[in-house]
Every structure is written in C-alpha cells, then in structure tokens.
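Pasting structure16.txt here (compact mmCIF, N, CA and C atoms and all ligand atoms):
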```txt
# COMPACT_ATOMS: atom_id res chain seq x y z
N MET A 1 1.32 -33.86 0.55
CA MET A 1 0.60 -33.25 -0.58
C MET A 1 0.64 -31.74 -0.49
N PHE A 2 0.56 -31.21 0.77
CA PHE A 2 0.46 -29.77 0.90
C PHE A 2 1.71 -29.06 0.45
N LYS A 3 2.84 -29.75 0.52
CA LYS A 3 4.09 -29.16 0.08
C LYS A 3 4.01 -28.72 -1.37
N SER A 4 3.17 -29.39 -2.14
CA SER A 4 3.21 -29.13 -3.57
C SER A 4 2.39 -27.93 -4.02
N VAL A 5 1.50 -27.39 -3.15
CA VAL A 5 0.89 -26.09 -3.50
C VAL A 5 1.98 -25.08 -3.24
N LYS A 6 2.35 -24.30 -4.25
CA LYS A 6 3.41 -23.35 -3.96
C LYS A 6 3.38 -22.13 -4.85
N LEU A 7 4.00 -21.07 -4.35
CA LEU A 7 4.07 -19.83 -5.11
C LEU A 7 5.29 -19.84 -6.02
N PHE A 8 5.09 -19.38 -7.22
CA PHE A 8 6.20 -19.19 -8.14
C PHE A 8 6.38 -17.70 -8.38
N GLU A 9 7.60 -17.24 -8.30
CA GLU A 9 7.88 -15.84 -8.63
C GLU A 9 8.55 -15.84 -10.00
N PHE A 10 7.82 -15.39 -11.01
CA PHE A 10 8.35 -15.41 -12.36
C PHE A 10 9.23 -14.19 -12.61
N LYS A 11 10.19 -14.41 -13.50
CA LYS A 11 11.14 -13.34 -13.80
C LYS A 11 10.43 -12.16 -14.47
N GLU A 12 10.85 -10.97 -14.10
CA GLU A 12 10.34 -9.77 -14.78
C GLU A 12 11.45 -9.19 -15.63
N PHE A 13 11.18 -9.02 -16.91
CA PHE A 13 12.12 -8.32 -17.78
C PHE A 13 11.66 -6.87 -17.82
N GLY A 14 12.42 -6.00 -17.23
CA GLY A 14 12.00 -4.61 -17.17
C GLY A 14 13.01 -3.68 -17.82
N ASP A 15 12.53 -2.69 -18.51
CA ASP A 15 13.39 -1.61 -19.01
C ASP A 15 12.54 -0.35 -19.13
N GLU A 16 13.03 0.64 -19.79
CA GLU A 16 12.30 1.92 -19.85
C GLU A 16 10.96 1.79 -20.57
N ARG A 17 10.74 0.67 -21.26
CA ARG A 17 9.47 0.49 -21.99
C ARG A 17 8.39 -0.13 -21.11
N GLY A 18 8.79 -0.63 -19.94
CA GLY A 18 7.83 -1.31 -19.07
C GLY A 18 8.35 -2.67 -18.68
N LYS A 19 7.44 -3.57 -18.34
CA LYS A 19 7.85 -4.90 -17.85
C LYS A 19 7.21 -6.00 -18.67
N LEU A 20 7.85 -7.14 -18.64
CA LEU A 20 7.33 -8.31 -19.37
C LEU A 20 7.64 -9.56 -18.55
N THR A 21 6.64 -10.40 -18.40
CA THR A 21 6.85 -11.67 -17.70
C THR A 21 6.46 -12.81 -18.62
N VAL A 22 7.24 -13.87 -18.62
CA VAL A 22 7.01 -15.03 -19.49
C VAL A 22 6.72 -16.26 -18.63
N ILE A 23 5.76 -17.08 -19.06
CA ILE A 23 5.55 -18.38 -18.39
C ILE A 23 5.57 -19.45 -19.47
N GLU A 24 6.60 -20.26 -19.49
CA GLU A 24 6.69 -21.36 -20.46
C GLU A 24 6.38 -22.67 -19.76
N GLY A 25 5.50 -23.46 -20.41
CA GLY A 25 5.18 -24.78 -19.88
C GLY A 25 6.41 -25.66 -19.80
N MET A 26 6.51 -26.44 -18.75
CA MET A 26 7.61 -27.39 -18.51
C MET A 26 8.96 -26.70 -18.28
N ARG A 27 8.96 -25.38 -18.29
CA ARG A 27 10.21 -24.68 -17.99
C ARG A 27 10.03 -23.84 -16.73
N ASP A 28 9.03 -22.96 -16.76
CA ASP A 28 8.79 -22.11 -15.59
C ASP A 28 7.77 -22.74 -14.65
N ILE A 29 6.97 -23.66 -15.18
CA ILE A 29 5.94 -24.33 -14.38
C ILE A 29 6.01 -25.84 -14.69
N PRO A 30 5.50 -26.68 -13.78
CA PRO A 30 5.73 -28.13 -13.95
C PRO A 30 4.73 -28.85 -14.86
N PHE A 31 4.12 -28.15 -15.82
CA PHE A 31 3.25 -28.86 -16.77
C PHE A 31 3.19 -28.11 -18.10
N LYS A 32 2.72 -28.82 -19.12
CA LYS A 32 2.47 -28.19 -20.43
C LYS A 32 1.11 -27.49 -20.37
N ILE A 33 1.03 -26.30 -20.91
CA ILE A 33 -0.21 -25.53 -20.81
C ILE A 33 -1.17 -25.97 -21.93
N GLU A 34 -2.33 -26.49 -21.51
CA GLU A 34 -3.34 -26.96 -22.48
C GLU A 34 -4.51 -25.99 -22.58
N ARG A 35 -4.65 -25.12 -21.59
CA ARG A 35 -5.85 -24.28 -21.52
C ARG A 35 -5.55 -23.03 -20.71
N ILE A 36 -6.15 -21.94 -21.15
CA ILE A 36 -6.05 -20.69 -20.39
C ILE A 36 -7.47 -20.14 -20.24
N PHE A 37 -7.83 -19.78 -19.03
CA PHE A 37 -9.09 -19.04 -18.86
C PHE A 37 -8.84 -17.94 -17.84
N TYR A 38 -9.70 -16.95 -17.82
CA TYR A 38 -9.49 -15.86 -16.88
C TYR A 38 -10.80 -15.39 -16.29
N ILE A 39 -10.68 -14.95 -15.05
CA ILE A 39 -11.83 -14.58 -14.24
C ILE A 39 -11.76 -13.09 -13.98
N TYR A 40 -12.80 -12.38 -14.33
CA TYR A 40 -12.81 -10.92 -14.15
C TYR A 40 -14.26 -10.49 -13.90
N ASP A 41 -14.43 -9.24 -13.48
CA ASP A 41 -15.76 -8.72 -13.15
C ASP A 41 -16.40 -9.46 -11.97
N SER A 42 -15.59 -10.07 -11.12
CA SER A 42 -16.11 -10.63 -9.86
C SER A 42 -15.78 -9.62 -8.78
N ASP A 43 -16.68 -9.39 -7.84
CA ASP A 43 -16.35 -8.41 -6.79
C ASP A 43 -16.04 -9.13 -5.48
N ASN A 44 -15.85 -8.33 -4.43
CA ASN A 44 -15.35 -8.94 -3.18
C ASN A 44 -16.41 -9.69 -2.39
N SER A 45 -17.66 -9.76 -2.93
CA SER A 45 -18.68 -10.57 -2.25
C SER A 45 -18.76 -11.99 -2.85
N ILE A 46 -17.98 -12.21 -3.88
CA ILE A 46 -18.11 -13.46 -4.66
C ILE A 46 -17.06 -14.49 -4.22
N ILE A 47 -17.49 -15.74 -4.15
CA ILE A 47 -16.52 -16.83 -3.98
C ILE A 47 -16.63 -17.72 -5.21
N ARG A 48 -15.52 -17.90 -5.91
CA ARG A 48 -15.50 -18.77 -7.09
C ARG A 48 -14.70 -20.03 -6.78
N GLY A 49 -14.60 -20.88 -7.77
CA GLY A 49 -13.89 -22.14 -7.53
C GLY A 49 -14.84 -23.08 -6.81
N LYS A 50 -14.57 -23.36 -5.55
CA LYS A 50 -15.36 -24.30 -4.74
C LYS A 50 -15.38 -25.66 -5.42
N HIS A 51 -14.19 -26.10 -5.81
CA HIS A 51 -14.07 -27.42 -6.42
C HIS A 51 -12.63 -27.91 -6.37
N ALA A 52 -12.48 -29.20 -6.62
CA ALA A 52 -11.16 -29.80 -6.79
C ALA A 52 -11.18 -30.53 -8.13
N ASN A 53 -10.00 -30.74 -8.69
CA ASN A 53 -9.90 -31.42 -9.99
C ASN A 53 -9.14 -32.71 -9.85
N ARG A 54 -9.67 -33.75 -10.47
CA ARG A 54 -8.98 -35.05 -10.42
C ARG A 54 -7.77 -35.08 -11.32
N GLU A 55 -7.79 -34.29 -12.41
CA GLU A 55 -6.72 -34.37 -13.42
C GLU A 55 -5.92 -33.07 -13.58
N SER A 56 -6.61 -31.93 -13.53
CA SER A 56 -5.95 -30.68 -13.91
C SER A 56 -5.08 -30.11 -12.80
N GLU A 57 -3.94 -29.58 -13.24
CA GLU A 57 -3.09 -28.76 -12.38
C GLU A 57 -3.21 -27.34 -12.89
N PHE A 58 -3.01 -26.38 -12.01
CA PHE A 58 -3.20 -24.98 -12.38
C PHE A 58 -2.06 -24.09 -11.90
N ILE A 59 -1.89 -23.00 -12.63
CA ILE A 59 -1.14 -21.84 -12.13
C ILE A 59 -2.10 -20.66 -12.19
N LEU A 60 -2.27 -19.99 -11.08
CA LEU A 60 -3.16 -18.82 -11.00
C LEU A 60 -2.30 -17.57 -10.84
N VAL A 61 -2.58 -16.58 -11.68
CA VAL A 61 -1.84 -15.32 -11.62
C VAL A 61 -2.83 -14.16 -11.69
N ASN A 62 -2.78 -13.27 -10.72
CA ASN A 62 -3.58 -12.04 -10.81
C ASN A 62 -2.78 -11.04 -11.64
N ILE A 63 -3.02 -11.04 -12.95
CA ILE A 63 -2.22 -10.15 -13.80
C ILE A 63 -2.63 -8.69 -13.60
N CYS A 64 -3.80 -8.48 -13.02
CA CYS A 64 -4.25 -7.13 -12.69
C CYS A 64 -5.03 -7.22 -11.38
N GLY A 65 -4.83 -6.26 -10.47
CA GLY A 65 -5.55 -6.27 -9.21
C GLY A 65 -5.12 -7.41 -8.30
N SER A 66 -6.04 -7.84 -7.46
CA SER A 66 -5.67 -8.87 -6.48
C SER A 66 -6.86 -9.75 -6.14
N SER A 67 -6.56 -10.91 -5.60
CA SER A 67 -7.58 -11.80 -5.05
C SER A 67 -6.91 -12.72 -4.05
N LYS A 68 -7.73 -13.47 -3.34
CA LYS A 68 -7.18 -14.46 -2.41
C LYS A 68 -7.58 -15.86 -2.87
N VAL A 69 -6.75 -16.83 -2.54
CA VAL A 69 -7.05 -18.22 -2.88
C VAL A 69 -6.89 -19.05 -1.61
N ARG A 70 -7.97 -19.73 -1.24
CA ARG A 70 -7.91 -20.64 -0.10
C ARG A 70 -7.77 -22.06 -0.65
N VAL A 71 -6.75 -22.77 -0.19
CA VAL A 71 -6.56 -24.15 -0.67
C VAL A 71 -6.59 -25.09 0.52
N THR A 72 -7.11 -26.26 0.28
CA THR A 72 -7.09 -27.28 1.33
C THR A 72 -7.00 -28.66 0.69
N ASP A 73 -6.39 -29.57 1.43
CA ASP A 73 -6.41 -30.97 1.01
C ASP A 73 -7.37 -31.76 1.91
N GLY A 74 -8.21 -31.03 2.65
CA GLY A 74 -9.16 -31.67 3.55
C GLY A 74 -8.60 -31.83 4.95
N PHE A 75 -7.31 -31.59 5.11
CA PHE A 75 -6.67 -31.73 6.41
C PHE A 75 -6.07 -30.40 6.87
N GLN A 76 -5.37 -29.75 5.96
CA GLN A 76 -4.77 -28.45 6.26
C GLN A 76 -5.31 -27.41 5.29
N GLU A 77 -5.31 -26.17 5.73
CA GLU A 77 -5.82 -25.10 4.87
C GLU A 77 -4.78 -23.98 4.83
N LYS A 78 -4.68 -23.33 3.69
CA LYS A 78 -3.77 -22.19 3.58
C LYS A 78 -4.39 -21.14 2.67
N ILE A 79 -4.11 -19.87 2.98
CA ILE A 79 -4.65 -18.77 2.18
C ILE A 79 -3.50 -17.99 1.55
N TYR A 80 -3.62 -17.77 0.26
CA TYR A 80 -2.60 -17.02 -0.47
C TYR A 80 -3.22 -15.74 -1.03
N THR A 81 -2.45 -14.67 -1.05
CA THR A 81 -2.87 -13.44 -1.71
C THR A 81 -2.09 -13.32 -3.02
N LEU A 82 -2.84 -13.15 -4.11
CA LEU A 82 -2.19 -12.96 -5.42
C LEU A 82 -2.37 -11.49 -5.79
N ASP A 83 -1.30 -10.77 -5.89
CA ASP A 83 -1.42 -9.32 -6.10
C ASP A 83 -0.32 -8.75 -6.99
N ARG A 84 0.37 -9.66 -7.72
CA ARG A 84 1.42 -9.18 -8.62
C ARG A 84 1.39 -9.99 -9.91
N PRO A 85 1.62 -9.34 -11.06
CA PRO A 85 1.53 -10.08 -12.33
C PRO A 85 2.64 -11.12 -12.53
N ASN A 86 3.63 -11.11 -11.65
CA ASN A 86 4.69 -12.13 -11.80
C ASN A 86 4.65 -13.17 -10.67
N LEU A 87 3.51 -13.21 -9.96
CA LEU A 87 3.38 -14.16 -8.85
C LEU A 87 2.33 -15.20 -9.21
N GLY A 88 2.73 -16.46 -9.27
CA GLY A 88 1.81 -17.52 -9.66
C GLY A 88 1.64 -18.54 -8.55
N LEU A 89 0.40 -19.00 -8.37
CA LEU A 89 0.16 -20.05 -7.37
C LEU A 89 -0.05 -21.37 -8.11
N TYR A 90 0.81 -22.32 -7.82
CA TYR A 90 0.68 -23.66 -8.41
C TYR A 90 -0.27 -24.50 -7.55
N ILE A 91 -1.29 -25.05 -8.20
CA ILE A 91 -2.25 -25.91 -7.49
C ILE A 91 -2.27 -27.27 -8.17
N PRO A 92 -1.77 -28.29 -7.51
CA PRO A 92 -1.78 -29.63 -8.11
C PRO A 92 -3.18 -30.23 -8.09
N LYS A 93 -3.31 -31.40 -8.69
CA LYS A 93 -4.62 -32.04 -8.71
C LYS A 93 -5.08 -32.42 -7.29
N LEU A 94 -6.37 -32.57 -7.13
CA LEU A 94 -7.00 -32.98 -5.87
C LEU A 94 -6.79 -32.01 -4.71
N ILE A 95 -6.66 -30.74 -5.04
CA ILE A 95 -6.65 -29.69 -4.01
C ILE A 95 -7.95 -28.89 -4.15
N TRP A 96 -8.67 -28.75 -3.05
CA TRP A 96 -9.89 -27.93 -3.08
C TRP A 96 -9.49 -26.46 -3.04
N LYS A 97 -10.13 -25.65 -3.90
CA LYS A 97 -9.75 -24.23 -3.96
C LYS A 97 -10.96 -23.30 -4.03
N ASP A 98 -10.85 -22.19 -3.32
CA ASP A 98 -11.84 -21.11 -3.38
C ASP A 98 -11.08 -19.83 -3.73
N MET A 99 -11.60 -19.09 -4.68
CA MET A 99 -11.02 -17.79 -5.02
C MET A 99 -12.01 -16.72 -4.58
N TYR A 100 -11.53 -15.68 -3.90
CA TYR A 100 -12.44 -14.69 -3.33
C TYR A 100 -11.70 -13.38 -3.08
N ASP A 101 -12.44 -12.41 -2.53
CA ASP A 101 -11.86 -11.10 -2.21
C ASP A 101 -11.23 -10.44 -3.45
N PHE A 102 -11.97 -10.50 -4.55
CA PHE A 102 -11.46 -9.92 -5.81
C PHE A 102 -11.50 -8.39 -5.71
N SER A 103 -10.42 -7.73 -6.08
CA SER A 103 -10.44 -6.27 -6.17
C SER A 103 -11.27 -5.89 -7.41
N THR A 104 -11.70 -4.65 -7.48
CA THR A 104 -12.61 -4.25 -8.57
C THR A 104 -12.00 -4.47 -9.95
N ASN A 105 -10.68 -4.31 -10.04
CA ASN A 105 -10.02 -4.44 -11.35
C ASN A 105 -9.36 -5.81 -11.54
N SER A 106 -9.74 -6.78 -10.71
CA SER A 106 -9.03 -8.07 -10.73
C SER A 106 -9.21 -8.85 -12.04
N ILE A 107 -8.09 -9.27 -12.57
CA ILE A 107 -8.12 -10.25 -13.68
C ILE A 107 -7.22 -11.40 -13.25
N LEU A 108 -7.86 -12.54 -13.02
CA LEU A 108 -7.15 -13.73 -12.53
C LEU A 108 -7.01 -14.71 -13.69
N ILE A 109 -5.77 -14.87 -14.14
CA ILE A 109 -5.50 -15.80 -15.24
C ILE A 109 -5.21 -17.18 -14.67
N CYS A 110 -5.80 -18.20 -15.29
CA CYS A 110 -5.59 -19.58 -14.84
C CYS A 110 -5.01 -20.38 -16.00
N LEU A 111 -3.82 -20.90 -15.80
CA LEU A 111 -3.19 -21.78 -16.78
C LEU A 111 -3.46 -23.21 -16.31
N ALA A 112 -3.91 -24.06 -17.22
CA ALA A 112 -4.29 -25.42 -16.81
C ALA A 112 -3.54 -26.45 -17.63
N SER A 113 -3.31 -27.59 -17.01
CA SER A 113 -2.55 -28.66 -17.66
C SER A 113 -3.43 -29.52 -18.58
N GLU A 114 -4.77 -29.37 -18.47
CA GLU A 114 -5.69 -30.21 -19.24
C GLU A 114 -6.74 -29.35 -19.93
N LYS A 115 -7.30 -29.89 -20.99
CA LYS A 115 -8.45 -29.23 -21.61
C LYS A 115 -9.68 -29.37 -20.68
N TYR A 116 -10.69 -28.56 -20.91
CA TYR A 116 -11.84 -28.57 -20.01
C TYR A 116 -12.61 -29.88 -20.09
N ASN A 117 -12.84 -30.46 -18.95
CA ASN A 117 -13.65 -31.66 -18.85
C ASN A 117 -14.44 -31.59 -17.54
N PRO A 118 -15.72 -31.22 -17.62
CA PRO A 118 -16.49 -31.02 -16.39
C PRO A 118 -16.54 -32.26 -15.50
N ASN A 119 -16.31 -33.44 -16.09
CA ASN A 119 -16.40 -34.69 -15.31
C ASN A 119 -15.23 -34.89 -14.35
N GLU A 120 -14.16 -34.12 -14.53
CA GLU A 120 -13.02 -34.30 -13.61
C GLU A 120 -13.11 -33.34 -12.42
N TYR A 121 -14.21 -32.58 -12.35
CA TYR A 121 -14.38 -31.66 -11.23
C TYR A 121 -15.12 -32.35 -10.09
N ILE A 122 -14.63 -32.16 -8.87
CA ILE A 122 -15.39 -32.58 -7.68
C ILE A 122 -15.97 -31.30 -7.09
N ARG A 123 -17.29 -31.17 -7.10
CA ARG A 123 -17.92 -29.92 -6.68
C ARG A 123 -18.64 -30.05 -5.34
N ASN A 124 -18.68 -31.26 -4.80
CA ASN A 124 -19.33 -31.49 -3.51
C ASN A 124 -18.24 -31.67 -2.45
N TYR A 125 -18.22 -30.77 -1.46
CA TYR A 125 -17.12 -30.79 -0.49
C TYR A 125 -17.11 -32.05 0.37
N ASP A 126 -18.28 -32.55 0.73
CA ASP A 126 -18.34 -33.78 1.54
C ASP A 126 -17.77 -34.96 0.76
N GLU A 127 -18.14 -35.01 -0.51
CA GLU A 127 -17.61 -36.08 -1.38
C GLU A 127 -16.08 -35.96 -1.48
N TYR A 128 -15.62 -34.72 -1.60
CA TYR A 128 -14.17 -34.48 -1.68
C TYR A 128 -13.47 -34.99 -0.41
N LEU A 129 -14.05 -34.63 0.75
CA LEU A 129 -13.43 -35.04 2.02
C LEU A 129 -13.37 -36.57 2.14
N GLN A 130 -14.44 -37.23 1.73
CA GLN A 130 -14.47 -38.70 1.78
C GLN A 130 -13.35 -39.27 0.92
N GLU A 131 -13.22 -38.70 -0.26
CA GLU A 131 -12.20 -39.20 -1.20
C GLU A 131 -10.79 -38.98 -0.65
N MET A 132 -10.57 -37.82 -0.03
CA MET A 132 -9.23 -37.52 0.50
C MET A 132 -8.91 -38.41 1.69
N LYS A 133 -9.93 -38.72 2.50
CA LYS A 133 -9.71 -39.61 3.65
C LYS A 133 -9.25 -40.98 3.16
N LYS A 134 -9.90 -41.45 2.08
CA LYS A 134 -9.54 -42.76 1.52
C LYS A 134 -8.10 -42.76 1.01
N ILE A 135 -7.71 -41.67 0.36
CA ILE A 135 -6.35 -41.58 -0.19
C ILE A 135 -5.31 -41.57 0.92
N LYS A 136 -5.62 -40.82 2.01
CA LYS A 136 -4.65 -40.67 3.11
C LYS A 136 -4.52 -41.94 3.94
N CYS A 137 -5.61 -42.72 4.03
CA CYS A 137 -5.58 -43.90 4.92
C CYS A 137 -4.98 -45.13 4.24
P1 LIG A 201 -16.80 -22.59 -13.19
O1 LIG A 201 -16.10 -23.90 -13.13
O2 LIG A 201 -18.05 -22.45 -12.40
O3 LIG A 201 -15.81 -21.40 -12.84
P2 LIG A 201 -14.98 -21.16 -11.47
O4 LIG A 201 -13.95 -22.23 -11.39
O5 LIG A 201 -14.33 -19.83 -11.64
O6 LIG A 201 -15.95 -21.13 -10.34
O7 LIG A 201 -17.12 -22.30 -14.74
C1 LIG A 201 -18.03 -21.29 -15.15
C2 LIG A 201 -18.60 -21.67 -16.51
O8 LIG A 201 -17.59 -21.68 -17.50
C3 LIG A 201 -19.26 -23.03 -16.53
O9 LIG A 201 -20.44 -22.94 -17.28
C4 LIG A 201 -18.29 -23.92 -17.27
C5 LIG A 201 -17.53 -22.95 -18.16
N1 LIG A 201 -16.11 -23.30 -18.36
C6 LIG A 201 -15.72 -23.79 -19.58
O10 LIG A 201 -16.52 -23.97 -20.53
N2 LIG A 201 -14.40 -24.10 -19.77
C7 LIG A 201 -13.47 -23.92 -18.78
O11 LIG A 201 -12.27 -24.19 -19.00
C8 LIG A 201 -13.91 -23.42 -17.51
C9 LIG A 201 -12.94 -23.23 -16.38
C10 LIG A 201 -15.25 -23.13 -17.34
```
Would you write out, as structure tokens, the structure that this file holds?
Ligand code: TYD
Amino acid sequence: MFKSVKLFEFKEFGDERGKLTVIEGMRDIPFKIERIFYIYDSDNSIIRGKHANRESEFILVNICGSSKVRVTDGFQEKIYTLDRPNLGLYIPKLIWKDMYDFSTNSILICLASEKYNPNEYIRNYDEYLQEMKKIKC
C-alpha cells in the first residue's frame, strides 16, 4: 500500500511571461477531479488533516509557500515536504495524513476524487489502526 503514496512532478511551461502548470484528471493524476479545496492562513503551530478517507484519493500541492505532510498506513510512516507549485503528493484512500509546518504564505491546494462526504472520514486514530490491522491480516 505504501508504494502508492507518491510524489508527482508536473510539467512547467515557462517562458518570458512566467510559468504555468496543468493538472488534468486521468492524465496527469490517477483520478477524475471531483472537488478542490485549499488550506491557507494556518501557521506552523497547526496540525490539520488527522484523518483517513475510505473513498477519496487526493493530490496535495503547495502552490504557494510550503508545508509538510506525514502519511502512514498504520505500519510505516513517511514525511514529505511540499514546497513547489509543480510538486504534487498523491494520497490514495485509507492513508492517515497530517499536514503541518505551514509557512506564513502557505496555500495548500487539495484535489480530490470524490465530492465531500463527512461519513467517509475516519477521524479516530485507534479506530483507523484497528481497521488497517484487519485489512493487512
Ligand atoms: P476538515 O476536514 O477539518 O479540514 P482538514 O482536512 O484540513 O483538517 O474540514 C474543515 C471544515 O470544512 C469542516 O467543517 C468541514 C468543511 N469541509 C467541507 O465542507 N467540504 C470539504 O470538502 C472539506 C475538505 C471540508
């Protein structure tokens, strides 16, 4: 499962006018984009996320500033730094994630494969661990 959390480096189209990066669903990322939300005005004392999703897959991009993302499947943990507008972190379903260490100007864009449904969120870490143990065994 851990193999599937991965960084995507999106193409930058650059010329004298500046740069442009495109993310197309099912072409640059492995899902159709159903929802976009963005996280901003969080400072470096804040931890967001703290949940896993049963259905949604995500691509996280710090289009401005930087933040860190800690991901775990309950067995292994990895920390990623997002600090470029063309760097995306793919998070498949059932991965626990924490976003933290936001720079003052951080804007973290999240592309999601599903519309918002609070019922597909697992927000209790112990419950998450129990569920992952069952899946692995
Ligand atoms: P929350 O899940 O706590 O954000 P994070 O993952 O960054 O910790 O969501 C914050 C609030 O925003 C909460 O009241 C639910 C609402 N929300 C939506 O209405 N739609 C969405 O797509 C998301 C992600 C959150």
Checklist entry - What lies within 6.5 Å of Pro85 of chain A using only N, CA and C atoms, ignoring chain neighbours under 4 positions off, as a list in words? => result Val61, Asn62, Ile63 and Cys64 of chain A
- prompt: From the list A:His51, A:Lys136, A:Arg84, A:Lys78, which residue is nearest ligand LIG 201 (chain A) when using all atoms listed in the file?
  reply: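 Closest to ligand LIG 201 (chain A), using all atoms listed in the file: A:His51.
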* To do: Grab me every residue within 7 Å of ligand LIG 201 (chain A), counting all atoms listed in the file, and send it over as a list in words.
  =>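 I would give the residues around ligand LIG 201 (chain A) as Arg35, Ile36, Phe37, Ile39, Ile47, Arg48, Gly49, Lys50, His51, Lys115, Tyr116 and Asn117 of chain A.
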Query raised in the report: Counting only N, CA and C atoms, which of A:Gly65, A:Ile95, A:Leu60, A:Val71 gets nearest to Ile109 of chain A?
Result: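 For Ile109 of chain A, the nearest of the given residues is A:Leu60.
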One decimal place gives the atom N of Asp43 of chain A-atom C of Ala112 of chain A separation as 23.7 Å
Notebook entry, point to check: Which one of A:Trp96, A:Gln130, A:Asp101, A:Glu114 sits closest to Ala52 of chain A if you count only N, CA and C atoms?
Noted result: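 Among A:Trp96, A:Gln130, A:Asp101, A:Glu114, it is A:Trp96 that comes nearest to Ala52 of chain A.
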Find the spatial neighbours of Ile135 of chain A, counting only C-alpha atoms, within a cut-off of 12 Å - ignore same-chain residues fewer than 2 positions away - and output them as an mmCIF file with N, CA and C atoms, in the frame of the given file.
```cif
data_model
loop_
_atom_site.group_PDB
_atom_site.id
_atom_site.type_symbol
_atom_site.label_atom_id
_atom_site.label_comp_id
_atom_site.auth_asym_id
_atom_site.auth_seq_id
_atom_site.Cartn_x
_atom_site.Cartn_y
_atom_site.Cartn_z
ATOM 1 N N MET A 1 1.320 -33.860 0.550
ATOM 2 C CA MET A 1 0.600 -33.250 -0.580
ATOM 3 C C MET A 1 0.640 -31.740 -0.490
ATOM 4 N N ASP A 73 -6.390 -29.570 1.430
ATOM 5 C CA ASP A 73 -6.410 -30.970 1.010
ATOM 6 C C ASP A 73 -7.370 -31.760 1.910
ATOM 7 N N GLY A 74 -8.210 -31.030 2.650
ATOM 8 C CA GLY A 74 -9.160 -31.670 3.550
ATOM 9 C C GLY A 74 -8.600 -31.830 4.950
ATOM 10 N N PHE A 75 -7.310 -31.590 5.110
ATOM 11 C CA PHE A 75 -6.670 -31.730 6.410
ATOM 12 C C PHE A 75 -6.070 -30.400 6.870
ATOM 13 N N LEU A 94 -6.370 -32.570 -7.130
ATOM 14 C CA LEU A 94 -7.000 -32.980 -5.870
ATOM 15 C C LEU A 94 -6.790 -32.010 -4.710
ATOM 16 N N TYR A 128 -15.620 -34.720 -1.600
ATOM 17 C CA TYR A 128 -14.170 -34.480 -1.680
ATOM 18 C C TYR A 128 -13.470 -34.990 -0.410
ATOM 19 N N LEU A 129 -14.050 -34.630 0.750
ATOM 20 C CA LEU A 129 -13.430 -35.040 2.020
ATOM 21 C C LEU A 129 -13.370 -36.570 2.140
ATOM 22 N N GLN A 130 -14.440 -37.230 1.730
ATOM 23 C CA GLN A 130 -14.470 -38.700 1.780
ATOM 24 C C GLN A 130 -13.350 -39.270 0.920
ATOM 25 N N GLU A 131 -13.220 -38.700 -0.260
ATOM 26 C CA GLU A 131 -12.200 -39.200 -1.200
ATOM 27 C C GLU A 131 -10.790 -38.980 -0.650
ATOM 28 N N MET A 132 -10.570 -37.820 -0.030
ATOM 29 C CA MET A 132 -9.230 -37.520 0.500
ATOM 30 C C MET A 132 -8.910 -38.410 1.690
ATOM 31 N N LYS A 133 -9.930 -38.720 2.500
ATOM 32 C CA LYS A 133 -9.710 -39.610 3.650
ATOM 33 C C LYS A 133 -9.250 -40.980 3.160
ATOM 34 N N CYS A 137 -5.610 -42.720 4.030
ATOM 35 C CA CYS A 137 -5.580 -43.900 4.920
ATOM 36 C C CYS A 137 -4.980 -45.130 4.240
#
```
Members of segment 4-137 of chain A assigned strand (DSSP E) by DSSP, as a VMD selection string: chain A and resid 6 to 9 12 to 15 18 to 21 35 to 40 47 to 53 58 to 64 67 to 72 77 to 82 87 to 91 96 to 100 107 to 112 121 to 122
Please, which residues are within 7 Å of (-14.7, -33.0, -10.2) by the file's coordinates, counting only C-alpha atoms, and could they come as a list in words?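 Selection result: His51, Ala52, Asn53, Arg54, Pro118, Asn119, Glu120, Tyr121, Ile122 and Arg123 of chain A.
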Two-atom distance - atom N of Leu7 of chain A, atom CA of Ile46 of chain A (Å)
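Computed distance, atom N of Leu7 of chain A to atom CA of Ile46 of chain A, equals 23.4 Å.
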Exercise for the section: Give me every alpha helix (DSSP H) residue in chain A, going by DSSP on the backbone, as a ChimeraX atom specification. Expected result: /A:125-136
Show me, as a PDB file with N, CA and C atoms, in the frame of the given file, the residues that have an atom within 9 Å of Lys68 of chain A when counting only C-alpha atoms, minus same-chain residues fewer than 2 positions from it.
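out.pdb, freshly written:
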```
ATOM      1  N   SER A  66      -6.040  -7.840  -7.460  1.00  0.00           N
ATOM      2  CA  SER A  66      -5.670  -8.870  -6.480  1.00  0.00           C
ATOM      3  C   SER A  66      -6.860  -9.750  -6.140  1.00  0.00           C
ATOM      4  N   ARG A  70      -7.970 -19.730  -1.240  1.00  0.00           N
ATOM      5  CA  ARG A  70      -7.910 -20.640  -0.100  1.00  0.00           C
ATOM      6  C   ARG A  70      -7.770 -22.060  -0.650  1.00  0.00           C
ATOM      7  N   ILE A  79      -4.110 -19.870   2.980  1.00  0.00           N
ATOM      8  CA  ILE A  79      -4.650 -18.770   2.180  1.00  0.00           C
ATOM      9  C   ILE A  79      -3.500 -17.990   1.550  1.00  0.00           C
ATOM     10  N   TYR A  80      -3.620 -17.770   0.260  1.00  0.00           N
ATOM     11  CA  TYR A  80      -2.600 -17.020  -0.470  1.00  0.00           C
ATOM     12  C   TYR A  80      -3.220 -15.740  -1.030  1.00  0.00           C
ATOM     13  N   THR A  81      -2.450 -14.670  -1.050  1.00  0.00           N
ATOM     14  CA  THR A  81      -2.870 -13.440  -1.710  1.00  0.00           C
ATOM     15  C   THR A  81      -2.090 -13.320  -3.020  1.00  0.00           C
ATOM     16  N   LEU A  82      -2.840 -13.150  -4.110  1.00  0.00           N
ATOM     17  CA  LEU A  82      -2.190 -12.960  -5.420  1.00  0.00           C
ATOM     18  C   LEU A  82      -2.370 -11.490  -5.790  1.00  0.00           C
ATOM     19  N   ASP A  83      -1.300 -10.770  -5.890  1.00  0.00           N
ATOM     20  CA  ASP A  83      -1.420  -9.320  -6.100  1.00  0.00           C
ATOM     21  C   ASP A  83      -0.320  -8.750  -6.990  1.00  0.00           C
ATOM     22  N   ASP A  98     -10.850 -22.190  -3.320  1.00  0.00           N
ATOM     23  CA  ASP A  98     -11.840 -21.110  -3.380  1.00  0.00           C
ATOM     24  C   ASP A  98     -11.080 -19.830  -3.730  1.00  0.00           C
ATOM     25  N   MET A  99     -11.600 -19.090  -4.680  1.00  0.00           N
ATOM     26  CA  MET A  99     -11.020 -17.790  -5.020  1.00  0.00           C
ATOM     27  C   MET A  99     -12.010 -16.720  -4.580  1.00  0.00           C
ATOM     28  N   TYR A 100     -11.530 -15.680  -3.900  1.00  0.00           N
ATOM     29  CA  TYR A 100     -12.440 -14.690  -3.330  1.00  0.00           C
ATOM     30  C   TYR A 100     -11.700 -13.380  -3.080  1.00  0.00           C
ATOM     31  N   ASP A 101     -12.440 -12.410  -2.530  1.00  0.00           N
ATOM     32  CA  ASP A 101     -11.860 -11.100  -2.210  1.00  0.00           C
ATOM     33  C   ASP A 101     -11.230 -10.440  -3.450  1.00  0.00           C
ATOM     34  N   PHE A 102     -11.970 -10.500  -4.550  1.00  0.00           N
ATOM     35  CA  PHE A 102     -11.460  -9.920  -5.810  1.00  0.00           C
ATOM     36  C   PHE A 102     -11.500  -8.390  -5.710  1.00  0.00           C
TER      37      PHE A 102
END
```
